[in-house]
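A.B. asks: Below is a structure I'd like to ask you about.
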Amino acid sequence: MLRTIFSAAALVALTACSTSQVASVQPIDGVISGQCHVDKVRGAVGLAASDATVERARVDSDSLQVQVIGSRHAETGATASGVANPSPGAESGGERLTIETGRTNNITAVYCG
């Protein structure tokens, strides 16, 4: 009897853990200003451009929109930081964050506009 109860409890616990719930990404202060700033998202350069990473970068940059594009800049080789210029565009302004991706879907640059 006791074994059946523990088995049922374990099954319920595992079922609750197995559902893939994606937590919504919220800004720390609860407000997105709509003015893009890349200073808080430079660390995303080099990461895989997954949906979660892109959305987190959008929220952290205070942007209302995000655009993911293939790299428009010629790759000149890695530097000590891993990229030649992680912010080839505007550092702030506008309501859109632009994320450039490389051949392997890694983030190569982030900028506003």
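By convention in this document, the chains of the structure tokens carry letters A, B, ... by their order, each chain's residues are numbered from 1, and ligands are numbered from 1 in the order they are shown.
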If you count only C-alpha atoms, which residues fall within 6 Å of segment 96-99 of chain A, apart from same-chain ones fewer than 4 positions away, as a PDB file with N, CA and C atoms, in the first residue's frame?

C.D. replies:
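Done, and the output landed in part08.pdb:
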```pdb
ATOM      1  N   SER A  63      14.223  47.215 -25.832  1.00  0.00           N
ATOM      2  CA  SER A  63      13.674  47.395 -27.177  1.00  0.00           C
ATOM      3  C   SER A  63      12.274  46.821 -27.282  1.00  0.00           C
ATOM      4  N   GLN A  65      11.104  45.930 -30.339  1.00  0.00           N
ATOM      5  CA  GLN A  65      11.183  44.980 -31.452  1.00  0.00           C
ATOM      6  C   GLN A  65      12.591  44.409 -31.519  1.00  0.00           C
ATOM      7  N   VAL A  66      12.695  43.239 -32.146  1.00  0.00           N
ATOM      8  CA  VAL A  66      14.001  42.648 -32.405  1.00  0.00           C
ATOM      9  C   VAL A  66      14.001  42.104 -33.826  1.00  0.00           C
ATOM     10  N   GLN A  67      15.130  42.231 -34.492  1.00  0.00           N
ATOM     11  CA  GLN A  67      15.292  41.741 -35.859  1.00  0.00           C
ATOM     12  C   GLN A  67      16.551  40.883 -35.889  1.00  0.00           C
ATOM     13  N   VAL A  68      16.438  39.662 -36.373  1.00  0.00           N
ATOM     14  CA  VAL A  68      17.580  38.764 -36.500  1.00  0.00           C
ATOM     15  C   VAL A  68      17.896  38.631 -37.975  1.00  0.00           C
ATOM     16  N   ALA A 109      26.892  40.050 -33.806  1.00  0.00           N
ATOM     17  CA  ALA A 109      26.838  41.488 -33.523  1.00  0.00           C
ATOM     18  C   ALA A 109      25.443  41.864 -33.018  1.00  0.00           C
ATOM     19  N   VAL A 110      25.405  42.903 -32.176  1.00  0.00           N
ATOM     20  CA  VAL A 110      24.145  43.461 -31.704  1.00  0.00           C
ATOM     21  C   VAL A 110      24.237  44.980 -31.803  1.00  0.00           C
ATOM     22  N   TYR A 111      23.169  45.592 -32.293  1.00  0.00           N
ATOM     23  CA  TYR A 111      23.138  47.044 -32.378  1.00  0.00           C
ATOM     24  C   TYR A 111      21.711  47.534 -32.494  1.00  0.00           C
ATOM     25  N   CYS A 112      21.528  48.803 -32.277  1.00  0.00           N
ATOM     26  CA  CYS A 112      20.201  49.415 -32.374  1.00  0.00           C
ATOM     27  C   CYS A 112      19.946  49.863 -33.796  1.00  0.00           C
ATOM     28  N   GLY A 113      18.726  49.713 -34.201  1.00  0.00           N
ATOM     29  CA  GLY A 113      18.342  50.185 -35.527  1.00  0.00           C
ATOM     30  C   GLY A 113      17.929  49.086 -36.448  1.00  0.00           C
TER      31      GLY A 113
END
```

A.B. asks: Show which residues sit within 12 Å of His37 of chain A, as a ChimeraX atom specification. Count only C-alpha atoms, and ignore same-chain residues fewer than 4 positions away.

C.D. replies: /A:32-33,41-42,57-64,87,89-98,110-113

A.B. asks: Find the residues near segment 69-71 of chain A: any atom within 9 Å, counting only C-alpha atoms, skip ones fewer than 6 places away on the same chain, and give them as a PDB file with N, CA and C atoms, in the first residue's frame.

C.D. replies:
```
ATOM      1  N   THR A  98      18.818  44.998 -33.361  1.00  0.00           N
ATOM      2  CA  THR A  98      19.180  44.141 -34.490  1.00  0.00           C
ATOM      3  C   THR A  98      20.264  43.182 -34.029  1.00  0.00           C
ATOM      4  N   ILE A  99      20.049  41.908 -34.309  1.00  0.00           N
ATOM      5  CA  ILE A  99      21.005  40.863 -33.952  1.00  0.00           C
ATOM      6  C   ILE A  99      21.470  40.211 -35.239  1.00  0.00           C
ATOM      7  N   GLU A 100      22.773  40.225 -35.468  1.00  0.00           N
ATOM      8  CA  GLU A 100      23.344  39.554 -36.634  1.00  0.00           C
ATOM      9  C   GLU A 100      23.841  38.183 -36.221  1.00  0.00           C
ATOM     10  N   THR A 101      23.629  37.212 -37.110  1.00  0.00           N
ATOM     11  CA  THR A 101      24.065  35.849 -36.828  1.00  0.00           C
ATOM     12  C   THR A 101      25.067  35.376 -37.872  1.00  0.00           C
ATOM     13  N   GLY A 102      25.923  34.465 -37.461  1.00  0.00           N
ATOM     14  CA  GLY A 102      26.939  33.904 -38.349  1.00  0.00           C
ATOM     15  C   GLY A 102      26.478  32.617 -38.998  1.00  0.00           C
ATOM     16  N   ARG A 103      27.414  31.907 -39.602  1.00  0.00           N
ATOM     17  CA  ARG A 103      27.115  30.673 -40.335  1.00  0.00           C
ATOM     18  C   ARG A 103      26.482  29.600 -39.456  1.00  0.00           C
ATOM     19  N   ASN A 105      24.590  30.047 -36.719  1.00  0.00           N
ATOM     20  CA  ASN A 105      23.509  30.628 -35.927  1.00  0.00           C
ATOM     21  C   ASN A 105      23.992  31.196 -34.603  1.00  0.00           C
ATOM     22  N   ILE A 107      25.419  34.464 -32.457  1.00  0.00           N
ATOM     23  CA  ILE A 107      25.260  35.919 -32.526  1.00  0.00           C
ATOM     24  C   ILE A 107      26.636  36.537 -32.764  1.00  0.00           C
ATOM     25  N   THR A 108      26.759  37.311 -33.842  1.00  0.00           N
ATOM     26  CA  THR A 108      28.039  37.924 -34.182  1.00  0.00           C
ATOM     27  C   THR A 108      28.055  39.421 -33.880  1.00  0.00           C
ATOM     28  N   ALA A 109      26.892  40.050 -33.806  1.00  0.00           N
ATOM     29  CA  ALA A 109      26.838  41.488 -33.523  1.00  0.00           C
ATOM     30  C   ALA A 109      25.443  41.864 -33.018  1.00  0.00           C
TER      31      ALA A 109
END
```

A.B. asks: If you measure from atom CA of Thr53 of chain A to atom CA of Lys40 of chain A, what distance in Å do you get, rounded to one decimal?

C.D. replies: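 Calculated distance between atom CA of Thr53 of chain A and atom CA of Lys40 of chain A is 13.2 Å.
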
A.B. asks: Please report the interatomic distance between atom CA of Asp51 of chain A and atom CA of Gly34 of chain A in Å with one decimal.

C.D. replies: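 Interatomic distance here is 19.8 Å.
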